[in-house]
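Dumped structure_39.cif below, it's mmCIF, C-alpha atoms:
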data_my_file
#
loop_
_atom_site.group_PDB
_atom_site.id
_atom_site.type_symbol
_atom_site.label_atom_id
_atom_site.label_comp_id
_atom_site.auth_asym_id
_atom_site.auth_seq_id
_atom_site.Cartn_x
_atom_site.Cartn_y
_atom_site.Cartn_z
ATOM 1 C CA MET A 93 0.000 0.000 0.000
ATOM 2 C CA ALA A 94 0.996 3.699 -0.091
ATOM 3 C CA THR A 95 3.010 4.604 2.994
ATOM 4 C CA ASP A 96 3.679 8.313 2.500
ATOM 5 C CA ASP A 97 2.657 11.621 4.032
ATOM 6 C CA SER A 98 0.800 13.023 1.036
ATOM 7 C CA GLY A 99 -2.955 13.179 0.584
ATOM 8 C CA ILE A 100 -5.295 10.362 -0.361
ATOM 9 C CA LYS A 101 -4.370 8.976 -3.768
ATOM 10 C CA GLY A 102 -5.863 6.149 -5.788
ATOM 11 C CA VAL A 103 -8.448 3.808 -4.272
ATOM 12 C CA TRP A 104 -8.991 3.766 -0.533
ATOM 13 C CA VAL A 105 -11.521 1.200 0.678
ATOM 14 C CA ASP A 106 -14.262 1.827 3.204
ATOM 15 C CA VAL A 107 -13.477 -1.630 4.478
ATOM 16 C CA LEU A 108 -16.175 -4.121 5.530
ATOM 17 C CA LYS A 109 -15.767 -5.766 8.924
ATOM 18 C CA PRO A 110 -15.811 -9.576 9.282
ATOM 19 C CA LEU A 111 -17.528 -10.542 12.532
ATOM 20 C CA THR A 112 -17.294 -13.484 14.896
ATOM 21 C CA GLU A 113 -20.287 -15.351 16.245
ATOM 22 C CA ASP A 114 -20.647 -12.858 19.116
ATOM 23 C CA LEU A 115 -20.468 -9.985 16.576
ATOM 24 C CA SER A 116 -17.040 -8.780 17.615
ATOM 25 C CA ILE A 117 -14.480 -8.041 14.886
ATOM 26 C CA HIS A 118 -12.602 -11.024 13.498
ATOM 27 C CA HIS A 119 -9.211 -9.321 13.416
ATOM 28 C CA LYS A 120 -7.332 -12.026 11.513
ATOM 29 C CA LYS A 121 -9.918 -12.147 8.720
ATOM 30 C CA LEU A 122 -9.941 -8.360 8.574
ATOM 31 C CA PHE A 123 -6.165 -8.256 8.097
ATOM 32 C CA ASN A 124 -6.335 -11.005 5.457
ATOM 33 C CA HIS A 125 -8.987 -8.996 3.590
ATOM 34 C CA VAL A 126 -6.835 -5.870 3.759
ATOM 35 C CA GLN A 127 -3.852 -7.840 2.438
ATOM 36 C CA THR A 128 -5.975 -9.082 -0.462
ATOM 37 C CA LEU A 129 -7.088 -5.537 -1.233
ATOM 38 C CA GLY A 130 -3.478 -4.367 -1.223
ATOM 39 C CA ALA A 131 -2.561 -7.085 -3.717
ATOM 40 C CA ARG A 132 -5.360 -5.790 -5.951
ATOM 41 C CA GLY A 133 -3.964 -2.273 -6.056
ATOM 42 C CA VAL A 134 -5.758 -0.557 -3.174
ATOM 43 C CA GLN A 135 -3.736 2.279 -1.642
ATOM 44 C CA GLY A 136 -5.247 2.337 1.845
ATOM 45 C CA VAL A 137 -8.201 1.497 4.064
ATOM 46 C CA VAL A 138 -10.801 3.636 5.763
ATOM 47 C CA MET A 139 -11.907 2.184 9.080
ATOM 48 C CA PHE A 140 -15.449 2.475 10.442
ATOM 49 C CA GLY A 141 -16.998 4.504 7.688
ATOM 50 C CA HIS A 142 -20.498 3.756 6.422
ATOM 51 C CA ALA A 143 -19.597 0.383 4.855
ATOM 52 C CA GLY A 144 -17.555 -0.467 7.939
ATOM 53 C CA GLU A 145 -20.685 -0.105 10.134
ATOM 54 C CA GLY A 146 -18.913 2.640 12.036
ATOM 55 C CA ALA A 147 -21.933 3.802 14.007
ATOM 56 C CA ALA A 148 -22.234 0.329 15.543
ATOM 57 C CA PHE A 149 -18.746 0.321 17.072
ATOM 58 C CA SER A 150 -17.449 2.013 20.204
ATOM 59 C CA ALA A 151 -14.314 4.100 20.467
ATOM 60 C CA GLY A 152 -12.545 1.227 22.199
ATOM 61 C CA GLU A 153 -13.459 -1.250 19.472
ATOM 62 C CA ARG A 154 -12.270 1.118 16.767
ATOM 63 C CA LEU A 155 -8.948 1.731 18.486
ATOM 64 C CA THR A 156 -8.385 -1.990 19.091
ATOM 65 C CA ALA A 157 -9.091 -2.826 15.434
ATOM 66 C CA VAL A 158 -6.579 -0.253 14.220
ATOM 67 C CA LYS A 159 -3.938 -1.470 16.671
ATOM 68 C CA GLN A 160 -4.520 -5.056 15.554
ATOM 69 C CA LEU A 161 -3.966 -4.137 11.903
ATOM 70 C CA ILE A 162 -0.744 -2.329 12.777
ATOM 71 C CA GLN A 163 0.442 -5.238 14.920
ATOM 72 C CA HIS A 164 -0.193 -7.596 11.997
ATOM 73 C CA GLY A 165 2.079 -5.427 9.841
ATOM 74 C CA LEU A 166 -0.056 -2.747 8.197
ATOM 75 C CA SER A 167 1.450 0.739 8.277
ATOM 76 C CA GLY A 168 -0.514 3.385 10.117
ATOM 77 C CA HIS A 169 -0.062 5.642 7.068
ATOM 78 C CA ASP A 170 -2.363 3.236 5.194
ATOM 79 C CA ILE A 171 -5.246 3.783 7.634
ATOM 80 C CA LEU A 172 -7.815 6.564 7.804
ATOM 81 C CA LEU A 173 -9.977 6.295 10.931
ATOM 82 C CA HIS A 174 -13.515 7.612 11.387
ATOM 83 C CA VAL A 175 -13.800 9.103 14.869
ATOM 84 C CA GLY A 176 -17.283 10.603 14.689
ATOM 85 C CA PHE A 177 -19.501 10.587 17.789
ATOM 86 C CA PRO A 178 -22.376 12.902 18.781
ATOM 87 C CA ASN A 179 -20.337 14.455 21.598
ATOM 88 C CA VAL A 180 -17.039 16.304 21.696
ATOM 89 C CA ALA A 181 -15.502 14.304 24.558
ATOM 90 C CA ASP A 182 -15.571 10.908 22.807
ATOM 91 C CA VAL A 183 -14.221 12.362 19.560
ATOM 92 C CA VAL A 184 -11.368 14.122 21.342
ATOM 93 C CA GLN A 185 -10.480 11.024 23.356
ATOM 94 C CA LEU A 186 -10.329 8.775 20.284
ATOM 95 C CA ILE A 187 -8.228 11.261 18.307
ATOM 96 C CA SER A 188 -5.882 11.624 21.285
ATOM 97 C CA GLU A 189 -5.424 7.861 21.552
ATOM 98 C CA ALA A 190 -5.220 7.173 17.807
ATOM 99 C CA GLY A 191 -2.987 10.106 16.870
ATOM 100 C CA PRO A 192 0.275 8.622 18.203
ATOM 101 C CA LEU A 193 -0.260 5.493 16.035
ATOM 102 C CA GLY A 194 0.910 7.387 12.958
ATOM 103 C CA LEU A 195 -2.321 7.085 10.981
ATOM 104 C CA LYS A 196 -2.978 8.788 7.655
ATOM 105 C CA GLY A 197 -5.584 10.768 9.569
ATOM 106 C CA CYS A 198 -8.818 10.900 11.528
ATOM 107 C CA VAL A 199 -12.205 11.755 10.012
ATOM 108 C CA ILE A 200 -14.631 13.978 11.920
ATOM 109 C CA VAL A 201 -18.248 14.601 10.935
ATOM 110 C CA PRO A 202 -21.037 16.842 12.200
ATOM 111 C CA PRO A 203 -23.200 15.040 14.760
ATOM 112 C CA TYR A 204 -26.713 14.126 13.687
ATOM 113 C CA ALA A 205 -28.982 16.515 15.542
ATOM 114 C CA ASP A 206 -32.560 17.694 15.578
ATOM 115 C CA ILE A 207 -33.967 20.518 13.479
ATOM 116 C CA GLY A 208 -32.776 23.083 16.017
ATOM 117 C CA VAL A 209 -29.117 22.842 15.039
ATOM 118 C CA THR A 210 -27.520 26.097 13.883
ATOM 119 C CA ASP A 211 -24.419 27.053 11.940
ATOM 120 C CA ALA A 212 -22.968 28.532 15.120
ATOM 121 C CA GLY A 213 -23.572 25.277 16.960
ATOM 122 C CA LEU A 214 -21.825 23.243 14.264
ATOM 123 C CA ILE A 215 -18.881 25.642 14.210
ATOM 124 C CA ASP A 216 -18.580 25.438 18.005
ATOM 125 C CA PHE A 217 -18.791 21.613 17.983
ATOM 126 C CA LEU A 218 -16.163 21.075 15.295
ATOM 127 C CA GLY A 219 -14.028 23.976 16.517
ATOM 128 C CA LEU A 220 -13.834 22.532 20.022
ATOM 129 C CA ILE A 221 -12.544 19.248 18.607
ATOM 130 C CA ILE A 222 -9.812 21.090 16.721
ATOM 131 C CA GLU A 223 -8.838 23.191 19.732
ATOM 132 C CA ARG A 224 -8.742 20.237 22.137
ATOM 133 C CA THR A 225 -6.616 18.072 19.830
ATOM 134 C CA ARG A 226 -4.240 20.806 18.715
ATOM 135 C CA ASP A 227 -1.254 19.115 20.352
ATOM 136 C CA VAL A 228 -2.116 15.626 19.100
ATOM 137 C CA PRO A 229 -0.043 14.385 16.109
ATOM 138 C CA ALA A 230 -3.078 13.670 13.936
ATOM 139 C CA ARG A 231 -4.179 14.927 10.512
ATOM 140 C CA ILE A 232 -7.889 15.815 10.566
ATOM 141 C CA PHE A 233 -10.211 15.299 7.610
ATOM 142 C CA LEU A 234 -13.611 16.997 7.714
ATOM 143 C CA ALA A 235 -16.475 14.968 6.241
ATOM 144 C CA SER A 236 -20.121 15.544 5.470
ATOM 145 C CA GLN A 237 -22.831 13.260 6.759
ATOM 146 C CA THR A 238 -23.869 10.347 4.540
ATOM 147 C CA SER A 239 -27.479 11.576 4.236
ATOM 148 C CA PRO A 240 -28.852 15.119 3.871
ATOM 149 C CA SER A 241 -29.676 16.664 7.224
ATOM 150 C CA PRO A 242 -30.226 20.124 8.726
ATOM 151 C CA SER A 243 -27.159 19.466 10.861
ATOM 152 C CA ASP A 244 -24.847 18.697 7.931
ATOM 153 C CA LEU A 245 -22.004 20.868 6.687
ATOM 154 C CA ASN A 246 -22.820 23.775 4.433
ATOM 155 C CA PRO A 247 -20.487 26.272 2.704
ATOM 156 C CA ARG A 248 -20.994 28.898 5.428
ATOM 157 C CA VAL A 249 -19.850 26.489 8.146
ATOM 158 C CA ILE A 250 -16.899 25.194 6.117
ATOM 159 C CA ASN A 251 -15.693 28.687 5.225
ATOM 160 C CA GLU A 252 -15.924 29.841 8.831
ATOM 161 C CA LEU A 253 -14.032 26.784 10.082
ATOM 162 C CA LEU A 254 -11.301 27.259 7.485
ATOM 163 C CA SER A 255 -11.046 30.915 8.446
ATOM 164 C CA MET A 256 -10.870 30.209 12.180
ATOM 165 C CA HIS A 257 -8.589 27.154 11.847
ATOM 166 C CA PRO A 258 -6.670 27.693 8.585
ATOM 167 C CA LYS A 259 -4.180 24.855 9.027
ATOM 168 C CA ALA A 260 -6.315 22.399 10.959
ATOM 169 C CA PHE A 261 -7.707 20.244 8.132
ATOM 170 C CA ALA A 262 -5.957 17.897 5.714
ATOM 171 C CA GLY A 263 -8.927 17.553 3.377
ATOM 172 C CA LEU A 264 -12.681 17.555 2.860
ATOM 173 C CA ILE A 265 -14.585 14.294 2.330
ATOM 174 C CA ASP A 266 -17.969 14.471 0.629
ATOM 175 C CA GLN A 267 -19.996 11.457 1.729
ATOM 176 C CA SER A 268 -23.117 12.446 -0.203
ATOM 177 C CA HIS A 269 -24.356 10.544 -3.271
ATOM 178 C CA ASN A 270 -25.032 13.757 -5.162
ATOM 179 C CA ALA A 271 -22.540 14.460 -7.962
ATOM 180 C CA ASN A 272 -23.583 18.124 -8.082
ATOM 181 C CA HIS A 273 -22.808 18.444 -4.372
ATOM 182 C CA THR A 274 -19.361 16.957 -4.934
ATOM 183 C CA LEU A 275 -18.698 19.270 -7.873
ATOM 184 C CA GLU A 276 -19.797 22.295 -5.832
ATOM 185 C CA TRP A 277 -17.341 21.367 -3.078
ATOM 186 C CA ILE A 278 -14.579 20.996 -5.667
ATOM 187 C CA ARG A 279 -15.358 24.404 -7.176
ATOM 188 C CA SER A 280 -15.631 26.097 -3.799
ATOM 189 C CA PHE A 281 -12.820 24.536 -1.783
ATOM 190 C CA MET A 282 -10.322 22.690 -3.991
ATOM 191 C CA ALA A 283 -8.041 25.741 -4.053
ATOM 192 C CA LEU A 284 -7.840 25.508 -0.252
ATOM 193 C CA LEU A 285 -8.018 21.793 0.478
ATOM 194 C CA PRO A 286 -8.158 18.458 -1.360
ATOM 195 C CA VAL A 287 -11.729 17.239 -1.859
ATOM 196 C CA TYR A 288 -12.577 13.532 -1.894
ATOM 197 C CA THR A 289 -15.745 11.578 -2.624
ATOM 198 C CA THR A 290 -16.973 8.383 -0.973
ATOM 199 C CA HIS A 291 -19.636 7.612 -3.569
ATOM 200 C CA ASP A 292 -18.358 5.155 -6.157
ATOM 201 C CA MET A 293 -20.449 6.564 -8.984
ATOM 202 C CA ASN A 294 -19.175 10.086 -8.275
ATOM 203 C CA ALA A 295 -15.654 8.757 -8.760
ATOM 204 C CA GLN A 296 -16.324 8.703 -12.488
ATOM 205 C CA VAL A 297 -16.996 12.424 -12.411
ATOM 206 C CA VAL A 298 -13.951 13.468 -10.376
ATOM 207 C CA SER A 299 -11.647 11.167 -12.336
ATOM 208 C CA ASN A 300 -12.604 12.950 -15.538
ATOM 209 C CA LEU A 301 -11.617 16.198 -13.795
ATOM 210 C CA GLY A 302 -8.155 14.820 -13.108
ATOM 211 C CA ILE A 303 -8.787 13.940 -9.436
ATOM 212 C CA HIS A 304 -7.572 10.356 -9.255
ATOM 213 C CA SER A 305 -8.765 9.342 -5.805
ATOM 214 C CA VAL A 306 -11.848 7.795 -4.230
ATOM 215 C CA ILE A 307 -12.942 6.314 -0.928
ATOM 216 C CA SER A 308 -14.830 3.280 -2.181
ATOM 217 C CA SER A 309 -17.141 0.720 -0.610
ATOM 218 C CA TYR A 310 -17.523 -1.226 -3.874
ATOM 219 C CA ALA A 311 -13.763 -1.838 -3.937
ATOM 220 C CA ASN A 312 -14.240 -4.420 -1.198
ATOM 221 C CA VAL A 313 -15.541 -6.617 -4.029
ATOM 222 C CA ILE A 314 -14.334 -4.998 -7.288
ATOM 223 C CA ALA A 315 -11.041 -3.392 -6.292
ATOM 224 C CA GLN A 316 -9.367 -3.746 -9.675
ATOM 225 C CA THR A 317 -12.336 -2.257 -11.512
ATOM 226 C CA MET A 318 -12.299 0.750 -9.197
ATOM 227 C CA GLY A 319 -8.550 1.118 -9.631
ATOM 228 C CA HIS A 320 -8.811 1.139 -13.422
ATOM 229 C CA MET A 321 -11.698 3.593 -13.302
ATOM 230 C CA VAL A 322 -9.932 6.036 -10.978
ATOM 231 C CA ASN A 323 -6.584 5.978 -12.754
ATOM 232 C CA VAL A 324 -7.595 5.721 -16.408
ATOM 233 C CA HIS A 325 -6.904 8.734 -18.629
ATOM 234 C CA PRO A 326 -10.056 10.234 -20.223
ATOM 235 C CA ASP A 327 -8.423 10.181 -23.667
ATOM 236 C CA SER A 328 -8.418 6.380 -23.591
ATOM 237 C CA LYS A 329 -12.226 6.292 -23.446
ATOM 238 C CA LYS A 330 -14.580 6.114 -26.388
ATOM 239 C CA SER A 331 -17.019 8.932 -27.075
ATOM 240 C CA VAL A 332 -20.597 7.608 -26.953
ATOM 241 C CA ALA A 333 -23.507 10.052 -27.332
ATOM 242 C CA GLY A 334 -21.321 12.901 -26.145
ATOM 243 C CA ASN A 335 -19.940 11.035 -23.121
ATOM 244 C CA LYS A 336 -16.544 9.492 -22.603
ATOM 245 C CA ILE A 337 -17.108 5.784 -21.921
ATOM 246 C CA GLY A 338 -14.454 3.232 -20.993
ATOM 247 C CA LEU A 339 -14.554 -0.427 -20.045
ATOM 248 C CA GLU A 340 -14.132 0.450 -16.369
ATOM 249 C CA ASP A 341 -17.215 2.710 -16.535
ATOM 250 C CA GLN A 342 -19.282 -0.157 -17.949
ATOM 251 C CA ARG A 343 -18.104 -2.534 -15.241
ATOM 252 C CA LEU A 344 -18.879 -0.058 -12.494
ATOM 253 C CA GLU A 345 -22.302 0.735 -13.945
ATOM 254 C CA ALA A 346 -23.143 -2.980 -14.127
ATOM 255 C CA PHE A 347 -22.075 -3.572 -10.516
ATOM 256 C CA HIS A 348 -23.960 -0.503 -9.314
ATOM 257 C CA ARG A 349 -27.185 -1.623 -11.003
ATOM 258 C CA MET A 350 -26.807 -4.963 -9.276
ATOM 259 C CA VAL A 351 -26.657 -3.584 -5.713
ATOM 260 C CA GLU A 352 -28.230 -0.106 -5.809
ATOM 261 C CA HIS A 353 -31.717 -1.196 -4.688
ATOM 262 C CA LEU A 354 -30.427 -3.324 -1.810
ATOM 263 C CA PRO A 355 -29.180 -2.296 1.647
ATOM 264 C CA GLU A 356 -25.548 -1.617 0.819
ATOM 265 C CA VAL A 357 -23.648 -3.211 3.697
ATOM 266 C CA PRO A 358 -25.582 -6.530 3.828
ATOM 267 C CA ALA A 359 -25.388 -6.758 0.022
ATOM 268 C CA LEU A 360 -21.635 -6.189 -0.074
ATOM 269 C CA LYS A 361 -21.110 -8.609 2.779
ATOM 270 C CA TYR A 362 -23.124 -11.227 0.910
ATOM 271 C CA LEU A 363 -20.803 -10.765 -2.052
ATOM 272 C CA MET A 364 -17.773 -11.027 0.241
ATOM 273 C CA ALA A 365 -19.155 -14.313 1.601
ATOM 274 C CA ALA A 366 -19.508 -15.556 -1.975
ATOM 275 C CA THR A 367 -16.058 -14.337 -2.982
ATOM 276 C CA TYR A 368 -14.252 -15.865 0.003
ATOM 277 C CA ARG A 369 -16.637 -18.843 0.236
ATOM 278 C CA ASP A 370 -17.072 -18.016 3.905
ATOM 279 C CA SER A 371 -20.593 -17.626 5.292
ATOM 280 C CA GLU A 372 -19.267 -15.824 8.381
ATOM 281 C CA TRP A 373 -18.881 -12.710 6.203
ATOM 282 C CA LEU A 374 -22.687 -12.474 6.140
ATOM 283 C CA ARG A 375 -22.814 -11.231 9.720
ATOM 284 C CA VAL A 376 -23.772 -7.613 10.377
ATOM 285 C CA ARG A 377 -24.373 -5.709 13.575
ATOM 286 C CA PRO A 378 -27.940 -4.748 14.512
ATOM 287 C CA PRO A 379 -29.868 -2.717 13.555
ATOM 288 C CA LEU A 380 -28.653 -4.009 10.181
ATOM 289 C CA ALA A 381 -29.856 -7.454 9.111
ATOM 290 C CA THR A 382 -28.627 -9.961 6.546
ATOM 291 C CA LEU A 383 -30.317 -10.071 3.157
ATOM 292 C CA ASN A 384 -33.408 -12.222 2.926
ATOM 293 C CA LEU A 385 -33.157 -15.445 0.908
ATOM 294 C CA GLU A 386 -34.952 -14.018 -2.114
ATOM 295 C CA SER A 387 -32.506 -11.110 -2.342
ATOM 296 C CA GLN A 388 -29.551 -13.438 -1.803
ATOM 297 C CA GLU A 389 -30.609 -15.735 -4.623
ATOM 298 C CA LYS A 390 -31.189 -12.861 -7.030
ATOM 299 C CA LEU A 391 -27.893 -11.201 -6.154
ATOM 300 C CA SER A 392 -26.050 -14.517 -6.476
ATOM 301 C CA LYS A 393 -27.358 -15.059 -9.994
ATOM 302 C CA GLU A 394 -26.500 -11.517 -11.063
ATOM 303 C CA PHE A 395 -23.013 -11.691 -9.566
ATOM 304 C CA LYS A 396 -22.281 -14.989 -11.297
ATOM 305 C CA LYS A 397 -23.443 -13.475 -14.580
ATOM 306 C CA LEU A 398 -21.198 -10.468 -13.981
ATOM 307 C CA ASN A 399 -18.237 -12.739 -13.257
ATOM 308 C CA GLN A 400 -18.886 -14.856 -16.335
ATOM 309 C CA SER A 401 -18.927 -11.725 -18.487
ATOM 310 C CA GLY A 402 -15.520 -10.772 -17.096
ATOM 311 C CA GLN A 403 -16.879 -7.569 -15.595
ATOM 312 C CA ALA A 404 -16.485 -8.299 -11.862
ATOM 313 C CA GLN A 405 -12.834 -7.756 -10.982
#
Output the file's structure as C-alpha cells, nothing else.
Amino acid sequence: MATDDSGIKGVWVDVLKPLTEDLSIHHKKLFNHVQTLGARGVQGVVMFGHAGEGAAFSAGERLTAVKQLIQHGLSGHDILLHVGFPNVADVVQLISEAGPLGLKGCVIVPPYADIGVTDAGLIDFLGLIIERTRDVPARIFLASQTSPSPSDLNPRVINELLSMHPKAFAGLIDQSHNANHTLEWIRSFMALLPVYTTHDMNAQVVSNLGIHSVISSYANVIAQTMGHMVNVHPDSKKSVAGNKIGLEDQRLEAFHRMVEHLPEVPALKYLMAATYRDSEWLRVRPPLATLNLESQEKLSKEFKKLNQSGQAQ
C-alpha cells in the first residue's frame, strides 16, 4: 500500500468488517482482507466509515481494530480512521489515543442533531474538537454526513471553520451521493483543500476532472475495476452520445445496477461471503440485518453473470 505523508491517492476502501459469532471483529480475517485488497492495487483502508458499520462500534473497538492491523504489519499511514460521535468528549479522546499510532488521519463529521441545530452550533462543535486536539499528532479530515440533514455541513460552516482554523484540516470528504454536491465542493474549496468523494459513482466524475482518488465501498468486491476507473486517462475512453465511456465505466455501472436497490452493507457482505466462500462474512451488527433469501438468490445469480462476463474484478 501507499506509505507516504501526502494526501489520499488512488483507491482507498471503506473496508467491511468480518464478525465473529458474538459480533465482535474477526481481526485475523480483517487483516487477510486488507492484504488481499493491497494485492489488488488498493492504496489504503478507511476504518469504520459507512460500509464499515462505524456507528455500531465504540471508540474502544475502533482503536483496538486499528492497533490489531498495525500489529499484523499494516502501516498506520495506510489507515484513515472515522472518529465521529455525537459528543465532543468521545471524539477528542479517540483522536488523542489514535494520533500517536501514525495514521494517515482521523475523520470527523457533524453530529446528527434535531432541526434546532444552527451554523454557530456546528462551528462550536467542530471547533472545540480542533482546539482540544491541537497538540495531538493527527491529521484531521472533515467529512459531510452520509445523508442530507439540517445538521450537515454547508459552505458557510466550512468557510468559517477554514477561516478560524486555517491549518487544521488535511482535506474535505464528501460522503453524499449527489454528484452536483461533490462538484460544488470541488469548485468552492479545492483551491484551499483536497476534496474527496466516498460515492463510487461520483468517482467517475472526479476522475474525468483529473482527481484520481476515491474512498470506495464497492472496492471491497471490485477493487481492480475501481482502480482502473480512478486511474484511467479520459483520452483512452470512447465517445458515446457525447460522453466518454471506458470499459471500467461499464463494469462499475453494471455492478452498481446490481446492488443499488439493496441495503448496501448486507449486500456487499453477501458478495464477500460468496467471494471468500465463507458464510461468516454475512454477519452484520444490529440494527442491520442480513439479506433475505430471495434477495440473496437474485444477487447470487446476477453476480455470477457479472463474473462470467468478465466484468467483476
Length of the CA of His269 (chain A) to CA of Gln388 (chain A) vector [Å]: 24.6 Å
What does the PyMOL selection byres ((chain A and resi 361-363) around 9) select in this file, as a PyMOL selection string? chain A and resi 108-110+312-313+356-360+364-368+371+373-376+382-383+388+391-392+395
Please provide as a tab-separated table (two decimals) with C-alpha atoms, in the frame of the given file all residues within 9 Å of Ala315 (chain A), with the sequence filter that same-chain residues fewer than 6 positions apart are discarded (counting only C-alpha atoms).
chain	number	residue	atom	x	y	z
A	103	VAL	CA	-8.45	3.81	-4.27
A	105	VAL	CA	-11.52	1.20	0.68
A	129	LEU	CA	-7.09	-5.54	-1.23
A	132	ARG	CA	-5.36	-5.79	-5.95
A	133	GLY	CA	-3.96	-2.27	-6.06
A	134	VAL	CA	-5.76	-0.56	-3.17
A	308	SER	CA	-14.83	3.28	-2.18
A	405	GLN	CA	-12.83	-7.76	-10.98
Spell out the residues picked by the PyMOL selection byres ((chain A and resi 322) around 7) here, as a ChimeraX atom specification. /A:102,295,299,304-305,318-321,323-324
Could you state the separation of CA of Asp227 (chain A) and CA of Gln185 (chain A) in Å, given to one decimal place? 12.6 Å
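With all atoms listed in the file as the atoms that count, the residue of A:Ile162, A:Ile250, A:Ile100, A:Cys198 with the shortest distance to Met139 (chain A) is A:Cys198.
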Between A:Glu352, A:Val180, A:Asp341, A:Lys397, single out the one closest to Gln296 (chain A), counting only C-alpha atoms. A:Asp341
In Å and to one decimal, CA of Ser167 (chain A) is distant from CA of Arg226 (chain A) by 23.3 Å
Expand the PyMOL selection byres ((chain A and resi 147-160) around 10) into the individual residues it matches in the shown file, reporting them as a VMD selection string. chain A and resid 109 116 to 120 122 to 123 139 to 142 144 to 146 161 to 166 168 171 to 177 182 to 183 185 to 187 189 to 190 193 195 376 to 380
Taking all atoms listed in the file into account, name the residue in A:Arg224, A:Lys196, A:Arg349, A:Arg248 that is nearest to Ala212 (chain A).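 Looking only at the distances to Ala212 (chain A), the closest residue turns out to be A:Arg248.
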Go through A:Met350, A:Ala311, A:Val201, A:Leu275 and flag the residue nearest Gly136 (chain A), using only C-alpha atoms for the distances.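 The answer is A:Ala311, which sits nearest to Gly136 (chain A).
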Nearest residue to Asp170 (chain A) from the set A:Met93, A:Ile200, A:Val126, A:Val298 (distances using all atoms listed in the file): A:Met93
What's around Asn294 (chain A) at 9 Å? Count only C-alpha atoms, leave out sequence neighbours fewer than 3 positions away in its own chain, and write the answer as a PyMOL selection string. chain A and resi 269-271+274+289-291+297-299+306
Convert the current residue selection to file output with C-alpha atoms, as a compact mmCIF listing (two decimals), keeping the file's coordinate frame.
# COMPACT_ATOMS: atom_id res chain seq x y z
CA HIS A 269 -24.36 10.54 -3.27
CA ASN A 270 -25.03 13.76 -5.16
CA ALA A 271 -22.54 14.46 -7.96
CA THR A 274 -19.36 16.96 -4.93
CA THR A 289 -15.74 11.58 -2.62
CA THR A 290 -16.97 8.38 -0.97
CA HIS A 291 -19.64 7.61 -3.57
CA VAL A 297 -17.00 12.42 -12.41
CA VAL A 298 -13.95 13.47 -10.38
CA SER A 299 -11.65 11.17 -12.34
CA VAL A 306 -11.85 7.80 -4.23
Between A:Arg279, A:Lys259, A:His348, A:Arg343, single out the one closest to Asp292 (chain A), counting only C-alpha atoms.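 Of A:Arg279, A:Lys259, A:His348, A:Arg343, the one nearest Asp292 (chain A), counting only C-alpha atoms, is A:His348.
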